[in-house]
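Chemist: My structure is stored as data.cif, with mmCIF, C-alpha atoms.
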```cif
data_target
loop_
_atom_site.label_atom_id
_atom_site.label_comp_id
_atom_site.auth_asym_id
_atom_site.auth_seq_id
_atom_site.Cartn_x
_atom_site.Cartn_y
_atom_site.Cartn_z
CA MET A 1 -23.69 14.57 140.61
CA SER A 2 -24.95 18.15 140.82
CA ARG A 3 -26.20 19.99 137.73
CA ALA A 4 -23.22 22.35 137.86
CA ALA A 5 -20.79 19.45 137.92
CA GLN A 6 -22.59 17.89 134.97
CA GLY A 7 -22.13 21.11 133.06
CA LEU A 8 -18.44 21.20 133.92
CA ARG A 9 -18.05 17.58 132.92
CA ALA A 10 -19.64 18.24 129.51
CA TRP A 11 -17.47 21.34 129.06
CA LEU A 12 -14.29 19.39 129.86
CA LEU A 13 -15.35 16.44 127.69
CA GLN A 14 -15.91 18.76 124.74
CA ARG A 15 -12.43 20.26 125.12
CA PHE A 16 -10.50 17.04 125.71
CA THR A 17 -12.17 15.30 122.78
CA ALA A 18 -11.50 18.41 120.66
CA ILE A 19 -7.77 18.11 121.29
CA TYR A 20 -7.72 14.42 120.36
CA LEU A 21 -9.90 14.96 117.26
CA ALA A 22 -7.66 17.78 116.04
CA ALA A 23 -4.45 15.83 116.64
CA TYR A 24 -5.71 12.66 114.95
CA LEU A 25 -7.25 14.52 112.04
CA VAL A 26 -4.25 16.71 111.29
CA SER A 27 -1.79 13.80 111.45
CA VAL A 28 -3.94 11.42 109.37
CA LEU A 29 -4.71 14.08 106.77
CA ALA A 30 -1.03 15.01 106.56
CA TYR A 31 -0.07 11.35 106.13
CA SER A 32 -2.75 10.76 103.47
CA ALA A 33 -1.75 13.89 101.60
CA LEU A 34 1.82 12.55 101.28
CA ARG A 35 0.58 9.33 99.64
CA ASP A 36 -0.85 9.62 96.16
CA SER A 37 -3.05 6.55 95.91
CA TRP A 38 -4.30 3.60 97.91
CA SER A 39 -5.03 0.09 96.73
CA TYR A 40 -7.71 -1.82 98.60
CA SER A 41 -5.21 -4.16 100.28
CA GLU A 42 -2.99 -1.25 101.38
CA TRP A 43 -5.99 0.63 102.77
CA ARG A 44 -7.25 -2.40 104.64
CA ALA A 45 -3.82 -3.38 105.95
CA TRP A 46 -3.19 0.20 107.14
CA LEU A 47 -6.40 0.31 109.18
CA GLY A 48 -6.01 -3.32 110.23
CA GLN A 49 -2.90 -2.50 112.29
CA PRO A 50 -3.74 -2.59 116.01
CA GLY A 51 -2.52 0.97 116.64
CA MET A 52 -4.48 2.49 113.76
CA GLY A 53 -7.55 0.42 114.61
CA VAL A 54 -7.62 1.48 118.26
CA GLY A 55 -6.70 5.08 117.40
CA THR A 56 -9.48 5.28 114.80
CA ALA A 57 -12.06 3.61 117.08
CA LEU A 58 -11.15 6.15 119.78
CA PHE A 59 -11.50 8.90 117.17
CA ALA A 60 -15.03 7.68 116.38
CA LEU A 61 -15.88 7.53 120.09
CA ALA A 62 -14.45 11.03 120.62
CA ILE A 63 -16.60 12.31 117.74
CA LEU A 64 -19.68 10.77 119.32
CA LEU A 65 -19.03 12.46 122.68
CA HIS A 66 -17.96 15.78 121.13
CA VAL A 67 -20.98 15.94 118.82
CA TRP A 68 -23.34 14.93 121.59
CA VAL A 69 -22.26 17.85 123.81
CA GLY A 70 -22.42 20.30 120.88
CA ILE A 71 -25.76 19.17 119.46
CA ARG A 72 -27.30 19.09 122.94
CA ASP A 73 -26.18 22.71 123.53
CA ILE A 74 -27.63 23.80 120.19
CA LEU A 75 -30.94 22.00 120.72
CA ILE A 76 -31.29 23.51 124.21
CA ASP A 77 -30.59 26.98 122.76
CA TYR A 78 -32.92 26.92 119.77
CA ILE A 79 -35.60 24.25 120.29
CA HIS A 80 -37.94 25.24 123.08
CA ALA A 81 -40.74 22.72 122.62
CA VAL A 82 -39.66 19.98 125.00
CA TRP A 83 -41.16 17.12 122.99
CA LEU A 84 -39.39 18.23 119.80
CA ARG A 85 -36.11 18.79 121.66
CA LEU A 86 -36.25 15.31 123.16
CA LEU A 87 -37.20 13.81 119.81
CA LEU A 88 -34.23 15.47 118.07
CA MET A 89 -31.88 14.48 120.90
CA ALA A 90 -33.02 10.86 120.65
CA ALA A 91 -32.63 10.91 116.86
CA SER A 92 -29.13 12.40 117.17
CA ALA A 93 -28.13 9.78 119.73
CA LEU A 94 -29.41 7.03 117.45
CA VAL A 95 -27.51 8.39 114.43
CA LEU A 96 -24.31 8.76 116.46
CA LEU A 97 -24.47 5.32 118.07
CA THR A 98 -25.29 3.58 114.77
CA SER A 99 -22.40 5.35 113.02
CA LEU A 100 -19.99 4.47 115.83
CA LEU A 101 -20.98 0.79 115.80
CA TRP A 102 -20.71 0.70 112.01
CA ILE A 103 -17.18 2.12 112.12
CA VAL A 104 -16.07 -0.22 114.92
CA ARG A 105 -17.53 -3.17 112.99
CA ALA A 106 -15.57 -2.20 109.86
CA LEU A 107 -12.35 -1.75 111.87
CA THR A 108 -12.82 -5.13 113.57
CA LEU A 109 -13.33 -6.87 110.24
CA ALA A 110 -10.21 -5.19 108.86
CA ALA A 111 -8.18 -6.26 111.92
CA ILE A 112 -9.39 -9.85 111.67
CA GLY A 113 -8.76 -9.89 107.93
CA SER A 114 -5.19 -8.65 108.35
CA ALA A 115 -4.41 -11.11 111.14
CA GLY A 116 -5.83 -14.11 109.26
CA MET B 1 -37.49 57.08 142.26
CA LEU B 2 -34.41 56.41 140.16
CA LYS B 3 -34.85 55.21 136.62
CA PRO B 4 -31.33 54.34 135.51
CA MET B 5 -32.43 53.00 132.13
CA ALA B 6 -34.71 55.91 131.27
CA ARG B 7 -32.05 57.97 129.48
CA HIS B 8 -30.91 55.12 127.29
CA LYS B 9 -32.49 54.33 123.98
CA PRO B 10 -33.71 50.76 123.85
CA ALA B 11 -31.22 48.44 122.13
CA PRO B 12 -32.18 47.87 118.51
CA LYS B 13 -33.67 44.43 117.95
CA PHE B 14 -33.36 43.22 114.38
CA LEU B 15 -35.05 40.00 113.45
CA ASN B 16 -34.17 40.52 109.79
CA LEU B 17 -30.97 38.54 109.16
CA LEU B 18 -29.93 41.05 106.48
CA LEU B 19 -29.99 43.90 109.02
CA ILE B 20 -27.94 42.13 111.68
CA LYS B 21 -24.33 43.18 111.39
CA LEU B 22 -22.16 40.75 113.30
CA PRO B 23 -18.60 41.57 114.34
CA PRO B 24 -15.91 39.11 113.12
CA GLY B 25 -16.06 37.23 116.43
CA GLY B 26 -19.80 36.77 115.97
CA ILE B 27 -19.29 35.41 112.46
CA ALA B 28 -16.61 33.01 113.72
CA SER B 29 -18.95 31.90 116.50
CA ILE B 30 -22.09 31.28 114.46
CA GLY B 31 -19.90 29.70 111.78
CA HIS B 32 -18.55 27.34 114.44
CA ARG B 33 -22.10 26.20 115.19
CA VAL B 34 -23.24 25.96 111.57
CA SER B 35 -20.12 24.03 110.54
CA GLY B 36 -20.54 21.71 113.52
CA VAL B 37 -24.10 20.88 112.52
CA LEU B 38 -23.06 20.31 108.89
CA LEU B 39 -20.26 17.98 110.00
CA PHE B 40 -22.70 16.10 112.23
CA LEU B 41 -25.14 15.68 109.32
CA CYS B 42 -22.33 14.20 107.19
CA ILE B 43 -21.41 11.57 109.79
CA PRO B 44 -23.84 8.82 108.65
CA LEU B 45 -22.71 9.13 105.03
CA LEU B 46 -19.02 9.16 105.98
CA ALA B 47 -19.43 6.20 108.37
CA TRP B 48 -21.22 4.25 105.64
CA LEU B 49 -18.56 5.07 103.02
CA PHE B 50 -15.81 4.15 105.50
CA GLY B 51 -17.41 0.80 106.31
CA ARG B 52 -18.04 0.02 102.65
CA SER B 53 -14.44 0.87 101.70
CA LEU B 54 -13.08 -1.65 104.21
CA GLU B 55 -15.63 -4.42 103.61
CA SER B 56 -14.51 -5.73 100.22
CA ALA B 57 -12.54 -4.83 97.11
CA GLU B 58 -15.80 -4.11 95.23
CA GLY B 59 -16.96 -1.86 98.07
CA PHE B 60 -13.63 -0.01 97.94
CA LEU B 61 -14.02 0.54 94.19
CA GLN B 62 -17.62 1.68 94.68
CA VAL B 63 -16.53 4.23 97.28
CA GLN B 64 -13.75 5.51 95.00
CA GLN B 65 -16.31 6.00 92.23
CA ALA B 66 -18.71 7.68 94.63
CA LEU B 67 -15.96 10.06 95.81
CA ASN B 68 -15.26 11.05 92.20
CA SER B 69 -18.91 11.75 91.39
CA THR B 70 -20.04 15.37 90.99
CA PRO B 71 -22.56 15.49 93.89
CA VAL B 72 -20.06 14.06 96.39
CA MET B 73 -17.36 16.43 95.12
CA LEU B 74 -19.68 19.41 95.63
CA LEU B 75 -20.54 18.11 99.08
CA SER B 76 -16.83 17.71 99.84
CA VAL B 77 -16.28 21.43 99.18
CA LEU B 78 -18.88 22.23 101.84
CA LEU B 79 -17.29 19.64 104.09
CA VAL B 80 -13.84 21.19 103.68
CA TRP B 81 -15.20 24.60 104.67
CA SER B 82 -17.01 23.08 107.66
CA LEU B 83 -13.99 21.13 108.80
CA SER B 84 -11.48 23.97 108.38
CA HIS B 85 -13.75 26.57 109.98
CA HIS B 86 -14.65 24.25 112.86
CA LEU B 87 -11.01 23.30 113.43
CA LEU B 88 -9.70 26.89 113.29
CA ALA B 89 -12.56 28.29 115.38
CA GLY B 90 -12.06 25.42 117.83
CA ILE B 91 -8.35 26.17 118.23
CA ARG B 92 -9.20 29.86 118.74
CA HIS B 93 -11.79 28.89 121.34
CA LEU B 94 -9.33 26.66 123.23
CA LEU B 95 -6.77 29.48 123.26
CA LEU B 96 -9.39 31.93 124.57
CA ASP B 97 -10.26 29.35 127.25
CA ILE B 98 -6.70 29.52 128.54
CA GLU B 99 -6.82 33.32 128.27
CA ILE B 100 -4.66 33.73 125.20
CA GLY B 101 -5.79 36.52 122.86
CA LEU B 102 -8.59 37.82 125.06
CA GLU B 103 -8.02 41.55 124.43
CA LYS B 104 -10.39 43.12 121.93
CA THR B 105 -7.96 43.74 119.08
CA ALA B 106 -6.31 40.33 119.39
CA ALA B 107 -9.69 38.57 119.54
CA ARG B 108 -10.85 40.51 116.49
CA THR B 109 -7.72 39.66 114.54
CA SER B 110 -7.91 35.97 115.41
CA ALA B 111 -11.61 35.90 114.44
CA TRP B 112 -10.69 37.41 111.06
CA LEU B 113 -7.94 34.82 110.63
CA VAL B 114 -10.41 32.01 111.36
CA ASN B 115 -13.11 33.31 108.99
CA LEU B 116 -10.66 34.11 106.22
CA GLY B 117 -8.50 31.00 106.74
CA ALA B 118 -11.44 28.66 106.31
CA VAL B 119 -12.58 30.42 103.13
CA LEU B 120 -9.05 30.37 101.70
CA ALA B 121 -8.59 26.68 102.53
CA THR B 122 -11.91 25.92 100.83
CA ALA B 123 -11.00 27.98 97.76
CA TRP B 124 -7.63 26.24 97.53
CA TYR B 125 -9.33 22.83 97.78
CA ALA B 126 -12.00 23.73 95.19
CA VAL B 127 -9.40 25.02 92.72
CA ASN B 128 -7.40 21.81 93.12
CA LEU B 129 -10.52 19.75 92.40
CA LEU B 130 -10.95 21.30 88.95
#
```
How does this structure look as structure tokens?

Modeler:
Amino acid sequence: MSRAAQGLRAWLLQRFTAIYLAAYLVSVLAYSALRDSWSYSEWRAWLGQPGMGVGTALFALAILLHVWVGIRDILIDYIHAVWLRLLLMAASALVLLTSLLWIVRALTLAAIGSAG
Amino acid sequence: MLKPMARHKPAPKFLNLLLIKLPPGGIASIGHRVSGVLLFLCIPLLAWLFGRSLESAEGFLQVQQALNSTPVMLLSVLLVWSLSHHLLAGIRHLLLDIEIGLEKTAARTSAWLVNLGAVLATAWYAVNLL
């Protein structure tokens, strides 16, 4: 793929993930605001539903992609020492991947717990 | 030989942040970046809290206590500003992408709405915390 097409792909990815992130966030925040309190079992059962689990895992994945494009743009703009830029990019990727796996792990455990 | 630039004064270059006067669109834009970085930096903490809250009943209780502690509450105020500014500036950006509100006055007004909206949302949240 050419460099220009890579740029377009990143641009599109940032926008499509933005739309999903906004839609998920606004609806979940609105729903949570209408409830006053959660017990542990309610919380776990809510996220253990297949739809919520998949939707939330996709949300975490969309965050990873969205943040990656944004952080990469910022590092390219402000960090000119190549070694430091690459170091920060690697660190960001590590943080994002670890967080994503941690969230997916928690969602999987909740789904298994609710099914069993 | 023509020197087209000769009659113009050189553009002022301020490196002092206190001397730089950004238009509302500039504030919305740099705020979009700053809030994005802040949100990114909060991800590990939020992912950890989320995982802990689902793991066990004790973890859930621990997270509830953590969320009611003063440092996390202060952090949440910053997070609310970041999230609301990033969301509003993002919606404005998407609309500009599809050429809605591109004229100067409209773009200025929407930038003001973004900057002010995020501050108002944060103030409303902070007041409700007390």

Chemist: One number please: CA of Ala89 (chain B) to CA of Val119 (chain B), in Å, one decimal.

Modeler: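 So the two atoms, CA of Ala89 (chain B) and CA of Val119 (chain B), lie 12.4 Å apart.
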
Chemist: Would you pick out the contacts of Arg92 (chain B) at 8 Å or less, using only C-alpha atoms, so that residues sharing its chain but fewer than 5 positions from it are not included, and give the list as a ChimeraX atom specification?

Modeler: /B:110-111,114

Chemist: With a cut-off of 7 Å, could you pull out the residues of region 3-79 of chain A touching region 94-114 of chain A and give me the nearest pair of atoms for each, distance in Å to one decimal, using all atoms listed in the file, ordered by chain and ascending number, as a tab-separated table?

Modeler:
```
residue	atom	partner	partner_atom	distance
A:Arg44	CA	A:Ala110	CA	5.9
A:Ala45	CA	A:Ser114	CA	6.0
A:Leu47	CA	A:Ala110	CA	6.7
A:Gly48	CA	A:Ala111	CA	4.0
A:Gln49	CA	A:Ala111	CA	6.5
A:Gly53	CA	A:Leu107	CA	5.9
A:Ala57	CA	A:Val104	CA	6.0
A:Ala60	CA	A:Leu100	CA	5.9
A:Leu61	CA	A:Leu100	CA	6.7
A:Leu64	CA	A:Leu96	CA	5.8
```

Chemist: How about saving the chosen residues, C-alpha atoms kept, as a PDB file, in the coordinates of the input?

Modeler:
```
ATOM      1  CA  ARG A  44      -7.250  -2.400 104.640  1.00  0.00           C
ATOM      2  CA  ALA A  45      -3.820  -3.380 105.950  1.00  0.00           C
ATOM      3  CA  LEU A  47      -6.400   0.310 109.180  1.00  0.00           C
ATOM      4  CA  GLY A  48      -6.010  -3.320 110.230  1.00  0.00           C
ATOM      5  CA  GLN A  49      -2.900  -2.500 112.290  1.00  0.00           C
ATOM      6  CA  GLY A  53      -7.550   0.420 114.610  1.00  0.00           C
ATOM      7  CA  ALA A  57     -12.060   3.610 117.080  1.00  0.00           C
ATOM      8  CA  ALA A  60     -15.030   7.680 116.380  1.00  0.00           C
ATOM      9  CA  LEU A  61     -15.880   7.530 120.090  1.00  0.00           C
ATOM     10  CA  LEU A  64     -19.680  10.770 119.320  1.00  0.00           C
TER      11      LEU A  64
END
```

Chemist: For the PyMOL selection byres ((chain B and resi 63) around 10), applied here, can you spell out every residue it catches as a PyMOL selection string?

Modeler: chain B and resi 48-54+57-62+64-69

Chemist: Nearest residue to chain B out of A:Tyr40, A:Leu87, A:Val82, A:Trp46, using all atoms listed in the file?

Modeler: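 Between A:Tyr40, A:Leu87, A:Val82, A:Trp46, the residue approaching chain B most closely is A:Tyr40.
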
Chemist: Env of region 70-81 of chain A: 8 Å cut, atoms = all atoms listed in the file, seq-sep filter 6 positions within chain, self excluded. Answer as a PyMOL selection string.

Modeler: (chain A and resi 14+88-89+92) or (chain B and resi 33+36-37)
